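Next comes coords03.pdb, with PDB, C-alpha atoms.
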```pdb
ATOM      1  CA  MET N   1     162.616  64.470  36.782  1.00  0.00           C
ATOM      2  CA  GLN N   2     162.512  62.501  33.561  1.00  0.00           C
ATOM      3  CA  TYR N   3     161.090  63.994  30.356  1.00  0.00           C
ATOM      4  CA  LYS N   4     157.885  61.923  30.513  1.00  0.00           C
ATOM      5  CA  GLU N   5     157.096  63.222  34.018  1.00  0.00           C
ATOM      6  CA  PHE N   6     157.944  66.765  32.872  1.00  0.00           C
ATOM      7  CA  LEU N   7     155.485  66.448  29.964  1.00  0.00           C
ATOM      8  CA  GLU N   8     152.729  65.163  32.265  1.00  0.00           C
ATOM      9  CA  LYS N   9     153.202  68.125  34.607  1.00  0.00           C
ATOM     10  CA  VAL N  10     153.296  70.560  31.693  1.00  0.00           C
ATOM     11  CA  GLN N  11     150.089  69.113  30.253  1.00  0.00           C
ATOM     12  CA  ALA N  12     148.304  69.522  33.595  1.00  0.00           C
ATOM     13  CA  ILE N  13     149.511  73.141  33.822  1.00  0.00           C
ATOM     14  CA  PHE N  14     148.504  73.799  30.197  1.00  0.00           C
ATOM     15  CA  GLU N  15     144.985  72.441  30.703  1.00  0.00           C
ATOM     16  CA  THR N  16     144.299  74.985  33.457  1.00  0.00           C
ATOM     17  CA  ASN N  17     146.077  77.935  31.782  1.00  0.00           C
ATOM     18  CA  SER N  18     145.187  77.789  28.091  1.00  0.00           C
ATOM     19  CA  ASP N  19     142.848  79.846  25.949  1.00  0.00           C
ATOM     20  CA  TRP N  20     140.651  78.964  23.003  1.00  0.00           C
ATOM     21  CA  GLY N  21     142.815  78.048  20.035  1.00  0.00           C
ATOM     22  CA  ASP N  22     145.873  77.035  22.082  1.00  0.00           C
ATOM     23  CA  LYS N  23     147.236  73.586  21.285  1.00  0.00           C
ATOM     24  CA  PHE N  24     149.399  71.041  23.090  1.00  0.00           C
ATOM     25  CA  GLU N  25     150.654  68.451  20.617  1.00  0.00           C
ATOM     26  CA  ASN N  26     153.876  66.883  19.309  1.00  0.00           C
ATOM     27  CA  ASP N  27     155.888  68.138  22.305  1.00  0.00           C
ATOM     28  CA  LYS N  28     154.924  71.732  21.552  1.00  0.00           C
ATOM     29  CA  ILE N  29     152.514  74.302  22.942  1.00  0.00           C
ATOM     30  CA  THR N  30     151.203  76.720  20.330  1.00  0.00           C
ATOM     31  CA  ILE N  31     149.251  79.903  20.987  1.00  0.00           C
ATOM     32  CA  ARG N  32     147.489  82.016  18.372  1.00  0.00           C
ATOM     33  CA  TRP N  33     145.814  85.369  17.898  1.00  0.00           C
ATOM     34  CA  THR N  34     143.961  87.089  15.077  1.00  0.00           C
ATOM     35  CA  SER N  35     146.324  89.095  12.873  1.00  0.00           C
ATOM     36  CA  GLY N  36     143.854  90.288  10.226  1.00  0.00           C
ATOM     37  CA  GLY N  37     141.355  89.254   7.621  1.00  0.00           C
ATOM     38  CA  MET N  38     138.007  90.395   6.219  1.00  0.00           C
ATOM     39  CA  GLN N  39     134.461  90.045   7.531  1.00  0.00           C
ATOM     40  CA  GLY N  40     130.981  91.240   6.672  1.00  0.00           C
ATOM     41  CA  GLY N  41     130.648  89.921   3.126  1.00  0.00           C
ATOM     42  CA  ASN N  42     127.331  88.163   2.560  1.00  0.00           C
ATOM     43  CA  CYS N  43     124.883  86.878  -0.047  1.00  0.00           C
ATOM     44  CA  TYR N  44     123.106  90.276  -0.158  1.00  0.00           C
ATOM     45  CA  GLY N  45     126.104  91.950  -1.799  1.00  0.00           C
ATOM     46  CA  ASP N  46     127.600  93.669   1.225  1.00  0.00           C
ATOM     47  CA  ASP N  47     131.333  94.129   0.827  1.00  0.00           C
ATOM     48  CA  PRO N  48     133.699  92.634   3.378  1.00  0.00           C
ATOM     49  CA  TYR N  49     135.660  95.010   5.599  1.00  0.00           C
ATOM     50  CA  PRO N  50     138.975  94.489   7.426  1.00  0.00           C
ATOM     51  CA  ILE N  51     139.195  92.742  10.784  1.00  0.00           C
ATOM     52  CA  SER N  52     141.248  94.644  13.353  1.00  0.00           C
ATOM     53  CA  PRO N  53     144.229  92.562  14.438  1.00  0.00           C
ATOM     54  CA  ASP N  54     144.656  91.525  18.065  1.00  0.00           C
ATOM     55  CA  GLU N  55     147.769  92.429  20.017  1.00  0.00           C
ATOM     56  CA  PRO N  56     150.299  89.573  20.041  1.00  0.00           C
ATOM     57  CA  ARG N  57     149.670  87.383  23.084  1.00  0.00           C
ATOM     58  CA  HIS N  58     152.080  86.834  25.933  1.00  0.00           C
ATOM     59  CA  PHE N  59     152.966  83.171  26.446  1.00  0.00           C
ATOM     60  CA  VAL N  60     151.243  82.747  29.848  1.00  0.00           C
ATOM     61  CA  ALA N  61     151.686  78.961  29.767  1.00  0.00           C
ATOM     62  CA  LEU N  62     155.498  79.360  29.805  1.00  0.00           C
ATOM     63  CA  ASP N  63     155.295  81.586  32.879  1.00  0.00           C
ATOM     64  CA  LYS N  64     153.043  79.089  34.678  1.00  0.00           C
ATOM     65  CA  ILE N  65     155.276  76.136  33.733  1.00  0.00           C
ATOM     66  CA  LEU N  66     158.351  77.881  35.086  1.00  0.00           C
ATOM     67  CA  GLU N  67     156.492  79.105  38.176  1.00  0.00           C
ATOM     68  CA  GLU N  68     155.525  75.543  39.106  1.00  0.00           C
ATOM     69  CA  ILE N  69     158.451  73.479  37.795  1.00  0.00           C
ATOM     70  CA  ALA N  70     161.475  75.816  37.949  1.00  0.00           C
ATOM     71  CA  PRO N  71     160.572  78.873  40.058  1.00  0.00           C
ATOM     72  CA  LYS N  72     164.182  80.021  40.492  1.00  0.00           C
ATOM     73  CA  VAL N  73     164.741  80.803  36.792  1.00  0.00           C
ATOM     74  CA  GLY N  74     166.319  84.252  36.588  1.00  0.00           C
ATOM     75  CA  PHE N  75     165.551  87.034  34.129  1.00  0.00           C
ATOM     76  CA  LEU N  76     168.499  86.372  31.817  1.00  0.00           C
ATOM     77  CA  GLU N  77     167.749  82.637  31.853  1.00  0.00           C
ATOM     78  CA  TYR N  78     164.121  83.432  30.984  1.00  0.00           C
ATOM     79  CA  LYS N  79     165.270  85.540  28.030  1.00  0.00           C
ATOM     80  CA  ARG N  80     167.475  82.651  26.865  1.00  0.00           C
ATOM     81  CA  ILE N  81     164.518  80.250  27.137  1.00  0.00           C
ATOM     82  CA  GLU N  82     162.405  82.602  25.016  1.00  0.00           C
ATOM     83  CA  ARG N  83     165.183  82.918  22.438  1.00  0.00           C
ATOM     84  CA  GLU N  84     166.041  79.214  22.193  1.00  0.00           C
ATOM     85  CA  CYS N  85     162.719  77.447  22.827  1.00  0.00           C
ATOM     86  CA  MET N  86     160.111  79.711  21.232  1.00  0.00           C
ATOM     87  CA  SER N  87     159.492  80.255  17.544  1.00  0.00           C
ATOM     88  CA  GLU N  88     156.945  81.768  15.205  1.00  0.00           C
ATOM     89  CA  ALA N  89     154.214  79.265  14.357  1.00  0.00           C
ATOM     90  CA  TYR N  90     152.384  78.835  11.074  1.00  0.00           C
ATOM     91  CA  ILE N  91     148.645  78.998  11.730  1.00  0.00           C
ATOM     92  CA  PRO N  92     146.460  78.435   8.660  1.00  0.00           C
ATOM     93  CA  SER N  93     143.905  81.085   7.750  1.00  0.00           C
ATOM     94  CA  GLU N  94     140.221  80.288   8.004  1.00  0.00           C
ATOM     95  CA  ARG N  95     138.412  80.898   4.714  1.00  0.00           C
ATOM     96  CA  GLU N  96     134.686  81.505   4.556  1.00  0.00           C
ATOM     97  CA  TYR N  97     132.150  82.507   1.921  1.00  0.00           C
ATOM     98  CA  TYR N  98     131.731  85.931   0.271  1.00  0.00           C
ATOM     99  CA  GLY N  99     135.344  87.056   0.695  1.00  0.00           C
ATOM    100  CA  ASN N 100     135.416  86.605   4.457  1.00  0.00           C
ATOM    101  CA  TYR N 101     138.540  85.123   6.035  1.00  0.00           C
ATOM    102  CA  THR N 102     140.583  85.306   9.240  1.00  0.00           C
ATOM    103  CA  LYS N 103     144.400  85.336   9.397  1.00  0.00           C
ATOM    104  CA  TYR N 104     146.254  84.164  12.490  1.00  0.00           C
ATOM    105  CA  SER N 105     149.714  84.580  13.926  1.00  0.00           C
ATOM    106  CA  GLY N 106     151.213  82.377  16.594  1.00  0.00           C
ATOM    107  CA  LYS N 107     154.134  81.216  18.688  1.00  0.00           C
ATOM    108  CA  SER N 108     155.261  77.715  19.628  1.00  0.00           C
ATOM    109  CA  LEU N 109     157.148  76.527  22.668  1.00  0.00           C
ATOM    110  CA  ASP N 110     159.414  73.498  22.116  1.00  0.00           C
ATOM    111  CA  LEU N 111     158.929  71.450  25.280  1.00  0.00           C
ATOM    112  CA  LYS N 112     161.873  69.086  24.680  1.00  0.00           C
ATOM    113  CA  GLY N 113     164.109  72.103  24.174  1.00  0.00           C
ATOM    114  CA  LEU N 114     162.723  73.693  27.349  1.00  0.00           C
ATOM    115  CA  TYR N 115     163.324  70.500  29.328  1.00  0.00           C
ATOM    116  CA  ASP N 116     166.902  70.149  28.042  1.00  0.00           C
ATOM    117  CA  LEU N 117     167.651  73.796  28.780  1.00  0.00           C
ATOM    118  CA  LEU N 118     166.233  73.581  32.327  1.00  0.00           C
ATOM    119  CA  VAL N 119     168.402  70.510  32.954  1.00  0.00           C
ATOM    120  CA  GLU N 120     171.470  72.307  31.527  1.00  0.00           C
ATOM    121  CA  MET N 121     170.758  75.360  33.734  1.00  0.00           C
ATOM    122  CA  GLY N 122     170.504  73.119  36.813  1.00  0.00           C
ATOM    123  CA  HIS N 123     166.798  73.755  37.485  1.00  0.00           C
ATOM    124  CA  LEU N 124     165.817  70.112  36.904  1.00  0.00           C
ATOM    125  CA  CYS N 125     167.566  67.011  38.126  1.00  0.00           C
ATOM    126  CA  THR N 126     167.274  63.908  35.935  1.00  0.00           C
ATOM    127  CA  GLU N 127     168.275  61.387  38.623  1.00  0.00           C
TER
END
```
The structure given in the file should be rewritten as structure tokens.
Amino acid sequence: MQYKEFLEKVQAIFETNSDWGDKFENDKITIRWTSGGMQGGNCYGDDPYPISPDEPRHFVALDKILEEIAPKVGFLEYKRIERECMSEAYIPSEREYYGNYTKYSGKSLDLKGLYDLLVEMGHLCTE
């Protein structure tokens, strides 16, 4: 499987397994979740109060990609994929009026790195 075909398959998997705010662009999949902020401020003088952060999300898209493209990936290989292909992602905060804002955290999956690693591990054949 060549990289272009891999990306097409990954995009199809992503489109059926992504949540609001997830992105597939520049050979990366990025997920996000709310990590804090303030809400409730308004023009009537009410003070904003903290937003409770969400739990960090599990990267479901990676599991689905491996399930469909390389189902024989073992546990230690999976841990290596997480270590070498995933990274923290910068997600800009959303600023609103009256002191309200939302902060996000996120993770990115490097698809070229994933492809190369799956080839190296013998789970994908490039011929």
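Atom CA of Tyr3 of chain N lies 15.0 Å from atom CA of Glu25 of chain N.
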Quiz prompt | Among listed residues N:Thr30, N:Asn42, N:Ser18, N:Ser35, nearest Asn100 of chain N (using all atoms listed in the file) | solution =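 For Asn100 of chain N, the nearest of the candidates is N:Asn42.
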Report, as JSON, the axis-aligned box around all atoms of segment 113-120 of chain N present in the file, extended by 8 Å on each side; give centre and edge lengths in Å to one decimal place.
```
{"center_x": 167.1, "center_y": 72.0, "center_z": 28.6, "size_x": 24.7, "size_y": 19.6, "size_z": 24.8}
```
Exercise. Given the file shown, determine the residues that the PyMOL selection byres ((chain N and resi 123) around 12) selects; report them as a list in words.
Key: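 On this input, the PyMOL selection byres ((chain N and resi 123) around 12) captures Met1, Leu66, Glu67, Glu68, Ile69, Ala70, Pro71, Lys72, Val73, Gly74, Glu77, Tyr78, Leu114, Tyr115, Asp116, Leu117, Leu118, Val119, Glu120, Met121, Gly122, Leu124, Cys125 and Thr126 of chain N.
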Quiz item: So which residues get picked by the PyMOL selection byres ((chain N and resi 43) around 12) here, written as a PyMOL selection string?
Solution: chain N and resi 40-42+44-48+97-100
Practice problem: Tell me, as a list in words, which residues lie within 8 Å of segment 60-64 of chain N, counting only C-alpha atoms; anything in the same chain fewer than 6 positions away does not count. | Solution: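 So, after excluding close chain neighbours, the residues are Ile13, Phe14, Asn17, Ser18 and Leu109 of chain N.
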Write the residues of the selection above to a file with C-alpha atoms, as a PDB file, keeping the file's coordinate frame.
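In the end it all went to out-v6.pdb:
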```pdb
ATOM      1  CA  ILE N  13     149.511  73.141  33.822  1.00  0.00           C
ATOM      2  CA  PHE N  14     148.504  73.799  30.197  1.00  0.00           C
ATOM      3  CA  ASN N  17     146.077  77.935  31.782  1.00  0.00           C
ATOM      4  CA  SER N  18     145.187  77.789  28.091  1.00  0.00           C
ATOM      5  CA  LEU N 109     157.148  76.527  22.668  1.00  0.00           C
TER       6      LEU N 109
END
```
Self-check item: Non-local contacts of Lys28 of chain N (12 Å; all atoms listed in the file; under 5 positions in same chain excluded) as a list of chain:residue names
Solution: N:Leu7, N:Val10, N:Gln11, N:Phe14, N:Asp22, N:Lys23, N:Ala61, N:Leu62, N:Cys85, N:Met86, N:Ser87, N:Ala89, N:Lys107, N:Ser108, N:Leu109, N:Asp110, N:Leu111, N:Lys112, N:Gly113, N:Leu114, N:Tyr115
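One distance worth recording is that between atom CA of Glu127 of chain N and atom CA of Phe59 of chain N, which is 29.3 Å.
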Self-check item: Among the residues N:Asp27, N:Phe75, N:Pro92, N:Arg32, the one that comes closest to Asp54 of chain N [using all atoms listed in the file]
Solution: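 When distances to Asp54 of chain N are compared using all atoms listed in the file, the smallest one comes from N:Arg32.
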Practice problem: Starting from the shown file, work through the PyMOL selection byres ((chain N and resi 33) around 10) and note down what comes out as a ChimeraX atom specification. | Solution: /N:20-22,31-32,34-36,53-57,91,103-107
Practice problem: Measuring atom to atom with only C-alpha atoms, identify which of N:Phe24, N:Glu8, N:Leu76, N:Gln39 is nearest to Thr102 of chain N. | Solution: N:Gln39
Quiz item: So what do you get for atom CA of Ala12 of chain N versus atom CA of Ile65 of chain N, distance-wise?
Solution: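 Atom CA of Ile65 of chain N lies 9.6 Å from atom CA of Ala12 of chain N.
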Missing atoms of segment 33-54 of chain N rebuilt to N, CA and C atoms, written as a CSV table (one decimal), keeping the file's coordinate frame:
```csv
chain,number,residue,atom,x,y,z
N,33,TRP,N,146.6,84.2,17.8
N,33,TRP,CA,145.8,85.4,17.9
N,33,TRP,C,145.5,85.8,16.5
N,34,THR,N,144.4,86.6,16.4
N,34,THR,CA,144.0,87.1,15.1
N,34,THR,C,144.9,88.2,14.6
N,35,SER,N,145.4,88.1,13.4
N,35,SER,CA,146.3,89.1,12.9
N,35,SER,C,145.7,89.9,11.7
N,36,GLY,N,144.5,89.6,11.3
N,36,GLY,CA,143.9,90.3,10.2
N,36,GLY,C,142.8,89.5,9.5
N,37,GLY,N,142.4,89.9,8.4
N,37,GLY,CA,141.4,89.3,7.6
N,37,GLY,C,140.3,90.2,7.2
N,38,MET,N,139.2,89.6,6.7
N,38,MET,CA,138.0,90.4,6.2
N,38,MET,C,136.7,89.7,6.8
N,39,GLN,N,135.7,90.6,7.1
N,39,GLN,CA,134.5,90.0,7.5
N,39,GLN,C,133.3,90.9,7.0
N,40,GLY,N,132.1,90.4,7.1
N,40,GLY,CA,131.0,91.2,6.7
N,40,GLY,C,130.4,91.0,5.3
N,41,GLY,N,131.2,90.3,4.4
N,41,GLY,CA,130.6,89.9,3.1
N,41,GLY,C,129.5,88.9,3.3
N,42,ASN,N,128.5,89.1,2.4
N,42,ASN,CA,127.3,88.2,2.6
N,42,ASN,C,126.6,88.0,1.2
N,43,CYS,N,125.6,87.2,1.2
N,43,CYS,CA,124.9,86.9,0.0
N,43,CYS,C,124.0,88.0,-0.5
N,44,TYR,N,123.9,89.1,0.2
N,44,TYR,CA,123.1,90.3,-0.2
N,44,TYR,C,123.9,91.3,-0.9
N,45,GLY,N,125.2,91.0,-1.1
N,45,GLY,CA,126.1,92.0,-1.8
N,45,GLY,C,126.9,92.9,-0.9
N,46,ASP,N,126.8,92.8,0.4
N,46,ASP,CA,127.6,93.7,1.2
N,46,ASP,C,129.1,93.3,1.1
N,47,ASP,N,129.9,94.3,1.0
N,47,ASP,CA,131.3,94.1,0.8
N,47,ASP,C,132.0,93.8,2.2
N,48,PRO,N,133.0,92.9,2.1
N,48,PRO,CA,133.7,92.6,3.4
N,48,PRO,C,134.6,93.8,3.8
N,49,TYR,N,134.8,93.9,5.1
N,49,TYR,CA,135.7,95.0,5.6
N,49,TYR,C,136.7,94.4,6.5
N,50,PRO,N,137.8,95.1,6.7
N,50,PRO,CA,139.0,94.5,7.4
N,50,PRO,C,138.7,94.2,8.9
N,51,ILE,N,139.2,93.1,9.4
N,51,ILE,CA,139.2,92.7,10.8
N,51,ILE,C,140.4,93.4,11.5
N,52,SER,N,140.1,94.0,12.6
N,52,SER,CA,141.2,94.6,13.4
N,52,SER,C,142.1,93.5,14.0
N,53,PRO,N,143.4,93.6,13.8
N,53,PRO,CA,144.2,92.6,14.4
N,53,PRO,C,144.3,92.7,16.0
N,54,ASP,N,144.4,91.5,16.6
N,54,ASP,CA,144.7,91.5,18.1
N,54,ASP,C,146.1,91.8,18.4
```
